[in-house]
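Visitor: Okay, handing you the structure first.
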2 protein chains.
Amino acid sequence: MAKMTPRTLSGFMELLPAPQQQMERIMEVLRTTYARYGFTPLDTPVIESSEVLLAKGGGETEKQIYRFSKGDADLSLRFDLTVPLAKYVALHYNDLSFPFRRYQIGKVYRGERAQRGRFREFYQADIDIIGDGKLDIANEAEIPAIIYQTFTALGLHRFQIRVNNRKILNGFYAMQELQEKSGDIMRTVDKLDKIGAEKVGRLLVDDIGLTAEQAEEILTFIAISGTNEEVLAALEGYAGRHETFDQGLSELRTVVKYLGAFGVPEANFAVDLTIARGLDYYTGTVYETTLLDHPEIGSVCSGGRYDNLAEFYTDRQLPGVGISIGLTRLFYVLGEQKMLNPALPTAPADVLILPMTEDLSPAITLATALRQAGIRTQLYTEQKKFKAKMNYADKLGVPYVVFLGEDEINANIVACKDMLTGEQTKLGFDETLARIRAGLAEKNAGTVILEK
Amino acid sequence: MAKMTPRTLSGFMELLPAPQQQMERIMEVLRTTYARYGFTPLDTPVIESSEVLLAKGGGETEKQIYRFSKGDADLSLRFDLTVPLAKYVALHYNDLSFPFRRYQIGKVYRGERAQRGRFREFYQADIDIIGDGKLDIANEAEIPAIIYQTFTALGLHRFQIRVNNRKILNGFYAMQELQEKSGDIMRTVDKLDKIGAEKVGRLLVDDIGLTAEQAEEILTFIAISGTNEEVLAALEGYAGRHETFDQGLSELRTVVKYLGAFGVPEANFAVDLTIARGLDYYTGTVYETTLLDHPEIGSVCSGGRYDNLAEFYTDRQLPGVGISIGLTRLFYVLGEQKMLNPALPTAPADVLILPMTEDLSPAITLATALRQAGIRTQLYTEQKKFKAKMNYADKLGVPYVVFLGEDEINANIVACKDMLTGEQTKLGFDETLARIRAGLAEKNAGTVILEK
């Protein structure tokens, strides 16, 4: 028979078993952390009606969308988890309680040009808090705590949550009577890291048409830095001149004030006036998170406050605040950087039982007992040479191999080999179980990400 | 602005938060159980190249497939998890160790005519064990143990795993020299439950063209019933007449022999000669699982042994055995039958903190401490009347509400109300935490499914 050469589409991540186990650990950390902050899991369809999904219309994203017909239905694959959330909240409004806090870890689709580290199918891990009409600023203060806890639980320490408030920026530009140009200005200022202050200043004058004084004023403003208290003190110098600015400053003060109570160390948090996060959607606090040793990756967790989640579906005012982790890309980068902890077990089982008797009943009974005790156990029952069986255990990285022959069965003991140390014990079931449990607790103690 | 009416496509399950929590519990049980038997999690793309996915070609399924173009690529959404597994194993053969045991819980897509309880996007939860060239019969004996453990862990007890062996059927028909008609015969015999033995006998004669004696012989054979030992003893009467039959009988004996050691009670297992599971794919042991009180649902977990997983992608012989749970449909049916345990908490948080002071710092500090202790905690910070806050807690079904006012802060105690009993305590943090932990252990002790 002619064979079809198997292949996986480019831009689609398909992991081997060991890295998949690492990915599962990361997802488990995200689920656990998000749940601990009172977010409920949601799962919305991957396919939506095109007219519903694209109600907002236009934009760069639309070209990338996987859109197709089935029968007479015009369908699209979701390209983020925010639009499905907006649809969900508008559709199920009467069944939900507000503030509505949900997390969703799901695949989204964008038909981008394929290139290294770019994916067409990728996981996003989102949390959002949606209010009905209003949403207290305390929710915006809580977000850095969730980011901090998530990254810390994954094993990262050298990261910084950078925070700004769009009202401060908007208010500042309004003071300069530059509201109309604020979009262009922010886009230019965004290049600061790449091209430096001097070139940004020149672009502001030459391309955007500001006066030299205005450009100077802006560069002075975004150059404000120091500790959080120092930045806030400097911002205080602009207070009282524009209502929006004052409101933004007050919100930023509240966010900074509650940091300590939320358990976020100063070292992992910085007020950063250069952060803007797009132009229209966000209206208050905005967040970016960078890995200090890998600035080239860009932000690994971003988001902010918005005033109108579902304006394309409902007249109701549904303000919210949310963040998103591009999980597939993050996982890819961590792998490239060799930051995934190789010491954590990735084998499908913790114990591999090698039966040495023809009748498998004693080995099966042992496997059943281990499984009932919660130990991930595999029975190896293929007819292979001993060496091939040990190679199998080695290749999978199984932590413990148990041998069960006539001698062990008659003596009611278990021969158990620690595959890392090579140490072999011959003990009763309970002692063997205790040893395996203690060993596994130790082997699984590390975090999934390791900083070098 | 004109609004787009939000809607979710028909045939796509989108759950409200409380049932979603129940679904998450079920998935967690499946993941944990599958892992305990040494299966590794896999996650393959939802989209595959059409020529790869449809290499087998033809069939009823093809019409239902979501197939579309993007650029010049011809793409399809996966319609099961078996074809992607075949592709995966063929593609990554050199990186895998055999037997390769994987589980996958993922969404699949079939554009079926929409009707109640039928879904176009649905979860399958599959396990498969793939051998390289050979695969020992012990693996086929292990499958009922996994089914038993999975359903028991979910809370089901009144179910039966029904097992047959295709070699017994094929051998039996070969004895009657009815090999060519075996497909037609099995399809007719499949109607036994619906139309009864007499009508099946008549169809075998009138439509399939058997002699009255042949029909009688078949009806006698499939009527064999009783305990497993009785059925095996009756089958022994046919032994020695055809090699395939004898091999099937030997395999079935092995499967039955190891049941006890695998921890499967006789009450949950039955040899059933009427089970056939399709016609071509399966070659050995086949499985169906029925809920004794809900035979109308049909099989909720089915599968079997096959000889050639990836014959469309590789010349390698890759035999396997696997089972699949149609999770979305099962969840739907359980909901319809009111079998989802309403006593288990479905709230996003276990504790809702209501701060009674303007400065939220003490409440935030308390929330941070509870979260660090592993308690799912939400801070309620909206400006609402007390009654509205309590309504919110009630509506979500939050188990504990904590009040934190000046008095409590000054006395360094926590006021905590058990929302189910109404009991309120004023204790220190550690005592409150211990009480919440004990209460949650009790509230979460039940299984997610309840039989009536």
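Going through the structure tokens in order, the chains are called A, B, and so on, while each chain numbers its residues from 1 and the ligands are numbered from 1 in the order shown.
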Enumerate as a ChimeraX atom specification the residues belonging to chain B that approach chain A to within 6 Å, with only C-alpha atoms taken into account.
Guide: /B:3-6,14,36-40,44,68,87,91,136,261-262,312-313,348-349,361,364-365,368,371,376-378,382
Visitor: Which of segment 385-447 of chain B counts as strand (DSSP E) under DSSP, as a list in words please?
Guide: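 Result set for segment 385-447 of chain B (strand (DSSP E)): Tyr400, Val401, Val402, Phe403, Leu404, Val414, Ala415, Cys416, Lys417, Asp418, Gln424, Thr425, Lys426 and Leu427 of chain B.
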Visitor: Please measure the separation of atom CA of Val189 of chain A and atom CA of Ala215 of chain A, giving the value in Å to one decimal.
Guide: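 Atom CA of Ala215 of chain A lies 10.4 Å from atom CA of Val189 of chain A.
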Visitor: Between atom CA of Leu334 of chain A and atom CA of Leu156 of chain A, what is the distance, to one decimal in Å?
Guide: 10.9 Å
Visitor: Grab the atom CA of Asn268 of chain B to atom CA of Leu340 of chain B distance for me, in Å with one decimal place.
Guide: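 Interatomic distance, atom CA of Asn268 of chain B to atom CA of Leu340 of chain B: 21.1 Å.
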Visitor: Per DSSP on the backbone, what are the alpha helix (DSSP H) residues of segment 149-392 of chain B, as a CSV table (one decimal) with N, CA and C atoms, in the first residue's frame?
Guide:
chain,number,residue,atom,x,y,z
B,149,GLN,N,-11.4,1.6,37.3
B,149,GLN,CA,-10.9,2.6,38.2
B,149,GLN,C,-11.4,4.0,37.9
B,150,THR,N,-11.5,4.3,36.6
B,150,THR,CA,-11.9,5.6,36.1
B,150,THR,C,-13.4,5.8,36.6
B,151,PHE,N,-14.3,4.9,36.3
B,151,PHE,CA,-15.7,5.1,36.6
B,151,PHE,C,-15.9,5.1,38.1
B,152,THR,N,-15.2,4.2,38.8
B,152,THR,CA,-15.3,4.2,40.3
B,152,THR,C,-14.9,5.5,40.9
B,153,ALA,N,-13.8,6.0,40.4
B,153,ALA,CA,-13.3,7.3,40.9
B,153,ALA,C,-14.3,8.4,40.6
B,154,LEU,N,-15.0,8.3,39.5
B,154,LEU,CA,-16.0,9.4,39.2
B,154,LEU,C,-17.2,9.2,40.1
B,166,ARG,N,-12.8,-10.5,19.1
B,166,ARG,CA,-13.1,-10.7,17.7
B,166,ARG,C,-12.7,-12.0,17.1
B,167,LYS,N,-11.6,-12.5,17.6
B,167,LYS,CA,-11.1,-13.8,17.1
B,167,LYS,C,-12.1,-14.9,17.4
B,168,ILE,N,-12.8,-14.8,18.5
B,168,ILE,CA,-13.8,-15.9,18.8
B,168,ILE,C,-14.9,-15.8,17.8
B,169,LEU,N,-15.3,-14.6,17.5
B,169,LEU,CA,-16.4,-14.4,16.5
B,169,LEU,C,-16.0,-14.8,15.1
B,170,ASN,N,-14.8,-14.3,14.7
B,170,ASN,CA,-14.3,-14.6,13.4
B,170,ASN,C,-14.1,-16.1,13.2
B,171,GLY,N,-13.5,-16.8,14.3
B,171,GLY,CA,-13.3,-18.2,14.3
B,171,GLY,C,-14.6,-19.0,14.2
B,172,PHE,N,-15.5,-18.5,15.0
B,172,PHE,CA,-16.8,-19.2,15.0
B,172,PHE,C,-17.5,-19.2,13.6
B,173,TYR,N,-17.5,-18.0,12.9
B,173,TYR,CA,-18.1,-17.9,11.6
B,173,TYR,C,-17.3,-18.7,10.6
B,174,ALA,N,-16.0,-18.8,10.8
B,174,ALA,CA,-15.1,-19.6,9.9
B,174,ALA,C,-15.5,-21.0,10.0
B,175,MET,N,-15.8,-21.5,11.3
B,175,MET,CA,-16.2,-22.9,11.5
B,175,MET,C,-17.5,-23.2,10.7
B,182,SER,N,-19.8,-12.7,7.4
B,182,SER,CA,-19.6,-12.4,8.8
B,182,SER,C,-20.0,-10.9,9.1
B,183,GLY,N,-19.6,-10.1,8.2
B,183,GLY,CA,-20.0,-8.6,8.3
B,183,GLY,C,-21.5,-8.5,8.4
B,184,ASP,N,-22.2,-9.0,7.4
B,184,ASP,CA,-23.7,-8.9,7.4
B,184,ASP,C,-24.3,-9.5,8.7
B,185,ILE,N,-23.7,-10.7,9.0
B,185,ILE,CA,-24.3,-11.4,10.2
B,185,ILE,C,-24.1,-10.6,11.5
B,186,MET,N,-22.9,-10.0,11.6
B,186,MET,CA,-22.7,-9.2,12.9
B,186,MET,C,-23.6,-8.0,12.9
B,187,ARG,N,-23.8,-7.4,11.8
B,187,ARG,CA,-24.7,-6.2,11.7
B,187,ARG,C,-26.1,-6.6,12.1
B,188,THR,N,-26.5,-7.8,11.7
B,188,THR,CA,-27.9,-8.2,12.0
B,188,THR,C,-28.0,-8.6,13.5
B,189,VAL,N,-26.9,-9.3,14.0
B,189,VAL,CA,-26.9,-9.8,15.4
B,189,VAL,C,-26.9,-8.6,16.3
B,192,LEU,N,-30.0,-7.4,18.1
B,192,LEU,CA,-30.6,-8.4,19.1
B,192,LEU,C,-31.3,-7.7,20.2
B,193,ASP,N,-30.7,-6.7,20.8
B,193,ASP,CA,-31.3,-6.0,22.0
B,193,ASP,C,-32.6,-5.3,21.6
B,194,LYS,N,-32.6,-4.8,20.3
B,194,LYS,CA,-33.8,-4.0,19.9
B,194,LYS,C,-34.9,-4.9,19.4
B,195,ILE,N,-34.7,-5.9,18.6
B,195,ILE,CA,-35.8,-6.6,17.9
B,195,ILE,C,-36.0,-8.0,18.4
B,196,GLY,N,-35.0,-8.5,19.2
B,196,GLY,CA,-35.2,-9.9,19.8
B,196,GLY,C,-34.6,-11.0,18.9
B,197,ALA,N,-34.5,-12.2,19.5
B,197,ALA,CA,-33.8,-13.3,18.8
B,197,ALA,C,-34.6,-13.8,17.7
B,198,GLU,N,-35.9,-13.9,17.8
B,198,GLU,CA,-36.7,-14.5,16.8
B,198,GLU,C,-36.6,-13.7,15.5
B,199,LYS,N,-36.7,-12.4,15.6
B,199,LYS,CA,-36.6,-11.5,14.4
B,199,LYS,C,-35.2,-11.6,13.8
B,200,VAL,N,-34.2,-11.6,14.6
B,200,VAL,CA,-32.9,-11.7,14.1
B,200,VAL,C,-32.7,-13.0,13.3
B,201,GLY,N,-33.2,-14.1,13.9
B,201,GLY,CA,-33.2,-15.4,13.2
B,201,GLY,C,-33.8,-15.3,11.8
B,202,ARG,N,-35.0,-14.6,11.7
B,202,ARG,CA,-35.7,-14.5,10.5
B,202,ARG,C,-34.9,-13.7,9.5
B,203,LEU,N,-34.3,-12.6,9.9
B,203,LEU,CA,-33.5,-11.7,9.1
B,203,LEU,C,-32.3,-12.5,8.5
B,204,LEU,N,-31.7,-13.3,9.4
B,204,LEU,CA,-30.5,-14.1,9.0
B,204,LEU,C,-30.8,-15.0,7.8
B,205,VAL,N,-32.0,-15.6,7.9
B,205,VAL,CA,-32.5,-16.5,6.8
B,205,VAL,C,-32.9,-15.7,5.6
B,206,ASP,N,-33.9,-14.7,5.8
B,206,ASP,CA,-34.5,-14.0,4.7
B,206,ASP,C,-33.5,-13.1,4.0
B,212,ALA,N,-31.7,-22.4,7.9
B,212,ALA,CA,-32.3,-22.3,9.2
B,212,ALA,C,-31.4,-22.9,10.2
B,213,GLU,N,-30.6,-23.9,9.8
B,213,GLU,CA,-29.7,-24.5,10.8
B,213,GLU,C,-28.6,-23.5,11.2
B,214,GLN,N,-28.1,-22.9,10.1
B,214,GLN,CA,-27.0,-21.9,10.4
B,214,GLN,C,-27.5,-20.8,11.3
B,215,ALA,N,-28.7,-20.3,11.0
B,215,ALA,CA,-29.2,-19.2,11.9
B,215,ALA,C,-29.4,-19.7,13.3
B,216,GLU,N,-29.9,-20.9,13.4
B,216,GLU,CA,-30.1,-21.5,14.8
B,216,GLU,C,-28.8,-21.6,15.5
B,217,GLU,N,-27.8,-22.1,14.8
B,217,GLU,CA,-26.4,-22.3,15.4
B,217,GLU,C,-25.9,-20.9,15.9
B,218,ILE,N,-26.1,-19.9,15.1
B,218,ILE,CA,-25.6,-18.5,15.5
B,218,ILE,C,-26.4,-18.0,16.7
B,219,LEU,N,-27.7,-18.2,16.7
B,219,LEU,CA,-28.5,-17.7,17.8
B,219,LEU,C,-28.2,-18.5,19.1
B,220,THR,N,-27.9,-19.8,19.0
B,220,THR,CA,-27.5,-20.5,20.1
B,220,THR,C,-26.2,-20.0,20.7
B,221,PHE,N,-25.3,-19.7,19.7
B,221,PHE,CA,-23.9,-19.2,20.1
B,221,PHE,C,-24.0,-17.9,20.9
B,222,ILE,N,-24.7,-16.9,20.3
B,222,ILE,CA,-24.7,-15.6,20.9
B,222,ILE,C,-25.6,-15.6,22.1
B,228,ASN,N,-18.8,-15.5,34.1
B,228,ASN,CA,-17.7,-15.6,33.1
B,228,ASN,C,-17.2,-17.0,33.0
B,229,GLU,N,-17.1,-17.7,34.1
B,229,GLU,CA,-16.7,-19.1,34.0
B,229,GLU,C,-17.7,-20.0,33.2
B,230,GLU,N,-18.9,-19.7,33.3
B,230,GLU,CA,-20.0,-20.5,32.6
B,230,GLU,C,-19.8,-20.2,31.1
B,231,VAL,N,-19.6,-18.9,30.7
B,231,VAL,CA,-19.5,-18.6,29.3
B,231,VAL,C,-18.2,-19.2,28.8
B,232,LEU,N,-17.1,-19.2,29.5
B,232,LEU,CA,-15.9,-19.8,29.0
B,232,LEU,C,-16.0,-21.3,28.9
B,233,ALA,N,-16.8,-21.9,29.8
B,233,ALA,CA,-17.0,-23.3,29.7
B,233,ALA,C,-17.8,-23.7,28.5
B,234,ALA,N,-18.8,-22.9,28.2
B,234,ALA,CA,-19.6,-23.1,27.0
B,234,ALA,C,-18.8,-23.0,25.8
B,235,LEU,N,-18.0,-21.9,25.7
B,235,LEU,CA,-17.1,-21.7,24.6
B,235,LEU,C,-16.1,-22.9,24.3
B,236,GLU,N,-15.7,-23.5,25.5
B,236,GLU,CA,-14.8,-24.6,25.4
B,236,GLU,C,-15.4,-25.7,24.5
B,243,GLU,N,-8.4,-22.6,14.5
B,243,GLU,CA,-7.2,-22.0,15.1
B,243,GLU,C,-7.5,-20.6,15.7
B,244,THR,N,-8.2,-19.7,14.9
B,244,THR,CA,-8.5,-18.4,15.3
B,244,THR,C,-9.4,-18.4,16.5
B,245,PHE,N,-10.4,-19.2,16.5
B,245,PHE,CA,-11.3,-19.3,17.6
B,245,PHE,C,-10.5,-19.7,18.9
B,246,ASP,N,-9.7,-20.7,18.7
B,246,ASP,CA,-8.9,-21.2,19.9
B,246,ASP,C,-8.0,-20.1,20.5
B,247,GLN,N,-7.4,-19.3,19.5
B,247,GLN,CA,-6.5,-18.2,20.0
B,247,GLN,C,-7.4,-17.2,20.7
B,248,GLY,N,-8.5,-16.9,20.2
B,248,GLY,CA,-9.4,-15.9,20.8
B,248,GLY,C,-9.9,-16.3,22.2
B,249,LEU,N,-10.2,-17.6,22.3
B,249,LEU,CA,-10.6,-18.2,23.6
B,249,LEU,C,-9.5,-18.1,24.6
B,250,SER,N,-8.3,-18.4,24.1
B,250,SER,CA,-7.1,-18.4,25.0
B,250,SER,C,-6.9,-16.9,25.5
B,251,GLU,N,-7.0,-16.0,24.6
B,251,GLU,CA,-6.9,-14.6,25.0
B,251,GLU,C,-8.0,-14.2,26.0
B,252,LEU,N,-9.2,-14.6,25.7
B,252,LEU,CA,-10.3,-14.2,26.6
B,252,LEU,C,-10.1,-14.8,28.0
B,253,ARG,N,-9.6,-16.1,28.0
B,253,ARG,CA,-9.3,-16.7,29.3
B,253,ARG,C,-8.2,-15.9,30.1
B,254,THR,N,-7.2,-15.4,29.4
B,254,THR,CA,-6.2,-14.6,30.0
B,254,THR,C,-6.7,-13.3,30.6
B,255,VAL,N,-7.6,-12.7,29.8
B,255,VAL,CA,-8.2,-11.4,30.3
B,255,VAL,C,-9.0,-11.7,31.5
B,256,VAL,N,-9.8,-12.7,31.5
B,256,VAL,CA,-10.7,-13.0,32.7
B,256,VAL,C,-9.8,-13.5,33.9
B,257,LYS,N,-8.7,-14.2,33.6
B,257,LYS,CA,-7.9,-14.7,34.7
B,257,LYS,C,-7.3,-13.6,35.5
B,258,TYR,N,-6.9,-12.5,34.8
B,258,TYR,CA,-6.1,-11.5,35.5
B,258,TYR,C,-7.0,-10.4,36.2
B,327,LEU,N,-16.6,12.3,26.2
B,327,LEU,CA,-16.7,13.0,27.4
B,327,LEU,C,-17.9,14.1,27.4
B,328,THR,N,-18.0,14.8,26.3
B,328,THR,CA,-19.0,15.9,26.2
B,328,THR,C,-20.4,15.3,26.3
B,329,ARG,N,-20.6,14.2,25.5
B,329,ARG,CA,-21.9,13.5,25.5
B,329,ARG,C,-22.2,12.9,26.9
B,330,LEU,N,-21.2,12.3,27.5
B,330,LEU,CA,-21.4,11.7,28.8
B,330,LEU,C,-21.8,12.8,29.8
B,331,PHE,N,-21.1,13.9,29.7
B,331,PHE,CA,-21.4,15.0,30.7
B,331,PHE,C,-22.8,15.5,30.5
B,332,TYR,N,-23.2,15.6,29.2
B,332,TYR,CA,-24.5,16.1,28.9
B,332,TYR,C,-25.6,15.1,29.5
B,333,VAL,N,-25.3,13.8,29.3
B,333,VAL,CA,-26.3,12.8,29.7
B,333,VAL,C,-26.4,12.8,31.3
B,334,LEU,N,-25.2,12.9,31.9
B,334,LEU,CA,-25.2,12.9,33.4
B,334,LEU,C,-26.0,14.1,33.9
B,335,GLY,N,-25.8,15.3,33.2
B,335,GLY,CA,-26.6,16.4,33.6
B,335,GLY,C,-28.1,16.2,33.4
B,336,GLU,N,-28.5,15.7,32.3
B,336,GLU,CA,-29.9,15.4,32.0
B,336,GLU,C,-30.5,14.5,33.1
B,361,SER,N,-5.9,47.4,53.4
B,361,SER,CA,-4.7,46.6,53.7
B,361,SER,C,-4.8,45.4,54.6
B,362,PRO,N,-5.6,45.5,55.7
B,362,PRO,CA,-5.7,44.3,56.5
B,362,PRO,C,-6.4,43.2,55.8
B,363,ALA,N,-7.5,43.5,55.0
B,363,ALA,CA,-8.2,42.5,54.3
B,363,ALA,C,-7.3,41.8,53.2
B,364,ILE,N,-6.5,42.7,52.6
B,364,ILE,CA,-5.6,42.1,51.5
B,364,ILE,C,-4.5,41.2,52.2
B,365,THR,N,-4.0,41.7,53.3
B,365,THR,CA,-3.0,40.8,54.1
B,365,THR,C,-3.6,39.5,54.4
B,366,LEU,N,-4.9,39.5,54.9
B,366,LEU,CA,-5.6,38.3,55.2
B,366,LEU,C,-5.7,37.4,54.0
B,367,ALA,N,-6.2,38.0,52.9
B,367,ALA,CA,-6.3,37.2,51.6
B,367,ALA,C,-5.0,36.6,51.2
B,368,THR,N,-3.9,37.4,51.3
B,368,THR,CA,-2.6,36.9,50.9
B,368,THR,C,-2.2,35.7,51.8
B,369,ALA,N,-2.5,35.8,53.1
B,369,ALA,CA,-2.2,34.7,54.0
B,369,ALA,C,-3.0,33.4,53.7
B,370,LEU,N,-4.3,33.6,53.4
B,370,LEU,CA,-5.1,32.4,53.1
B,370,LEU,C,-4.7,31.8,51.8
B,371,ARG,N,-4.3,32.6,50.8
B,371,ARG,CA,-3.9,32.1,49.5
B,371,ARG,C,-2.6,31.4,49.7
B,372,GLN,N,-1.7,31.9,50.5
B,372,GLN,CA,-0.4,31.2,50.7
B,372,GLN,C,-0.6,29.9,51.4
B,386,PHE,N,-24.3,45.8,52.2
B,386,PHE,CA,-24.0,44.5,52.8
B,386,PHE,C,-24.8,43.3,52.3
B,387,LYS,N,-26.1,43.6,52.1
B,387,LYS,CA,-27.0,42.6,51.6
B,387,LYS,C,-26.6,42.1,50.2
B,388,ALA,N,-26.2,43.1,49.4
B,388,ALA,CA,-25.8,42.8,48.0
B,388,ALA,C,-24.6,41.9,48.0
B,389,LYS,N,-23.7,42.1,48.9
B,389,LYS,CA,-22.5,41.3,49.1
B,389,LYS,C,-22.8,39.9,49.5
B,390,MET,N,-23.7,39.8,50.4
B,390,MET,CA,-24.1,38.4,50.9
B,390,MET,C,-24.8,37.7,49.8
B,391,ASN,N,-25.7,38.4,49.0
B,391,ASN,CA,-26.3,37.8,47.9
B,391,ASN,C,-25.3,37.2,46.9
B,392,TYR,N,-24.3,38.0,46.7
B,392,TYR,CA,-23.2,37.6,45.7
B,392,TYR,C,-22.6,36.3,46.2
Visitor: Neighbouring residues of segment 318-320 of chain A were defined as those with any atom within 6 Å, considering only C-alpha atoms; residues of the same chain fewer than 5 positions away were excluded. Please report them as a CSV table (one decimal) with all heavy atoms, in the first residue's frame.
Guide:
chain,number,residue,atom,x,y,z
A,129,ILE,N,-11.2,40.1,35.3
A,129,ILE,CA,-12.2,40.4,36.3
A,129,ILE,C,-13.2,41.4,35.6
A,129,ILE,O,-12.7,42.5,35.2
A,129,ILE,CB,-11.6,41.0,37.5
A,129,ILE,CG1,-10.4,40.2,38.0
A,129,ILE,CG2,-12.7,41.2,38.6
A,129,ILE,CD1,-9.7,40.9,39.2
A,130,ILE,N,-14.4,41.0,35.5
A,130,ILE,CA,-15.4,41.9,34.8
A,130,ILE,C,-16.4,42.4,35.8
A,130,ILE,O,-17.0,41.7,36.6
A,130,ILE,CB,-16.2,41.1,33.7
A,130,ILE,CG1,-15.2,40.3,32.9
A,130,ILE,CG2,-17.0,42.0,32.9
A,130,ILE,CD1,-14.2,41.1,32.1
A,131,GLY,N,-16.6,43.7,35.8
A,131,GLY,CA,-17.6,44.4,36.7
A,131,GLY,C,-18.8,44.7,35.9
A,131,GLY,O,-18.9,44.7,34.7
A,132,ASP,N,-19.9,44.9,36.7
A,132,ASP,CA,-21.2,45.3,36.1
A,132,ASP,C,-21.4,46.8,36.3
A,132,ASP,O,-21.8,47.2,37.4
A,132,ASP,CB,-22.3,44.5,36.7
A,132,ASP,CG,-23.6,44.7,36.0
A,132,ASP,OD1,-23.7,45.4,34.9
A,132,ASP,OD2,-24.7,44.2,36.6
A,133,GLY,N,-21.0,47.6,35.3
A,133,GLY,CA,-21.2,49.1,35.5
A,133,GLY,C,-19.9,49.7,36.1
A,133,GLY,O,-19.4,50.6,35.5
A,305,ARG,N,-6.5,47.5,32.3
A,305,ARG,CA,-7.8,47.9,32.6
A,305,ARG,C,-8.5,48.4,31.3
A,305,ARG,O,-7.9,49.2,30.6
A,305,ARG,CB,-7.8,49.0,33.7
A,305,ARG,CG,-9.0,49.8,33.8
A,305,ARG,CD,-10.1,49.2,34.6
A,305,ARG,NE,-11.3,50.0,34.6
A,305,ARG,CZ,-12.2,50.1,35.6
A,305,ARG,NH1,-12.0,49.4,36.7
A,305,ARG,NH2,-13.3,50.8,35.4
A,306,TYR,N,-9.7,48.0,31.1
A,306,TYR,CA,-10.5,48.4,30.0
A,306,TYR,C,-11.9,48.8,30.5
A,306,TYR,O,-12.4,48.3,31.5
A,306,TYR,CB,-10.6,47.4,28.9
A,306,TYR,CG,-10.8,46.0,29.4
A,306,TYR,CD1,-12.1,45.5,29.6
A,306,TYR,CD2,-9.7,45.1,29.7
A,306,TYR,CE1,-12.3,44.2,30.0
A,306,TYR,CE2,-9.9,43.9,30.1
A,306,TYR,CZ,-11.2,43.4,30.3
A,306,TYR,OH,-11.4,42.1,30.8
A,307,ASP,N,-12.6,49.7,29.8
A,307,ASP,CA,-13.9,50.2,30.3
A,307,ASP,C,-15.1,49.5,29.7
A,307,ASP,O,-16.2,49.5,30.2
A,307,ASP,CB,-14.0,51.7,30.0
A,307,ASP,CG,-13.3,52.5,31.1
A,307,ASP,OD1,-13.0,51.9,32.1
A,307,ASP,OD2,-13.0,53.7,30.8
A,308,ASN,N,-14.9,48.8,28.6
A,308,ASN,CA,-16.0,48.3,27.8
A,308,ASN,C,-15.7,47.0,27.2
A,308,ASN,O,-15.2,46.9,26.0
A,308,ASN,CB,-16.4,49.3,26.7
A,308,ASN,CG,-17.7,49.9,26.9
A,308,ASN,OD1,-18.6,49.2,27.4
A,308,ASN,ND2,-17.9,51.1,26.5
A,309,LEU,N,-15.9,45.9,27.9
A,309,LEU,CA,-15.5,44.6,27.4
A,309,LEU,C,-16.3,44.2,26.2
A,309,LEU,O,-15.8,43.7,25.2
A,309,LEU,CB,-15.7,43.5,28.5
A,309,LEU,CG,-15.6,42.1,28.0
A,309,LEU,CD1,-14.1,41.8,27.7
A,309,LEU,CD2,-16.1,41.1,29.0
Visitor: Using only C-alpha atoms, which residues sit within 9 Å of Gly298 of chain A once same-chain residues fewer than 5 positions away are excluded, as a list in words?
Guide: Glu288, Thr289, Thr290 and Leu291 of chain A
Visitor: For Val448 of chain B, work out the shell of residues within 10 Å, counting only C-alpha atoms and skipping chain neighbours fewer than 2 positions away, then give it as a ChimeraX atom specification.
Guide: /B:22-26,29,153-156,339-344,444-446,450
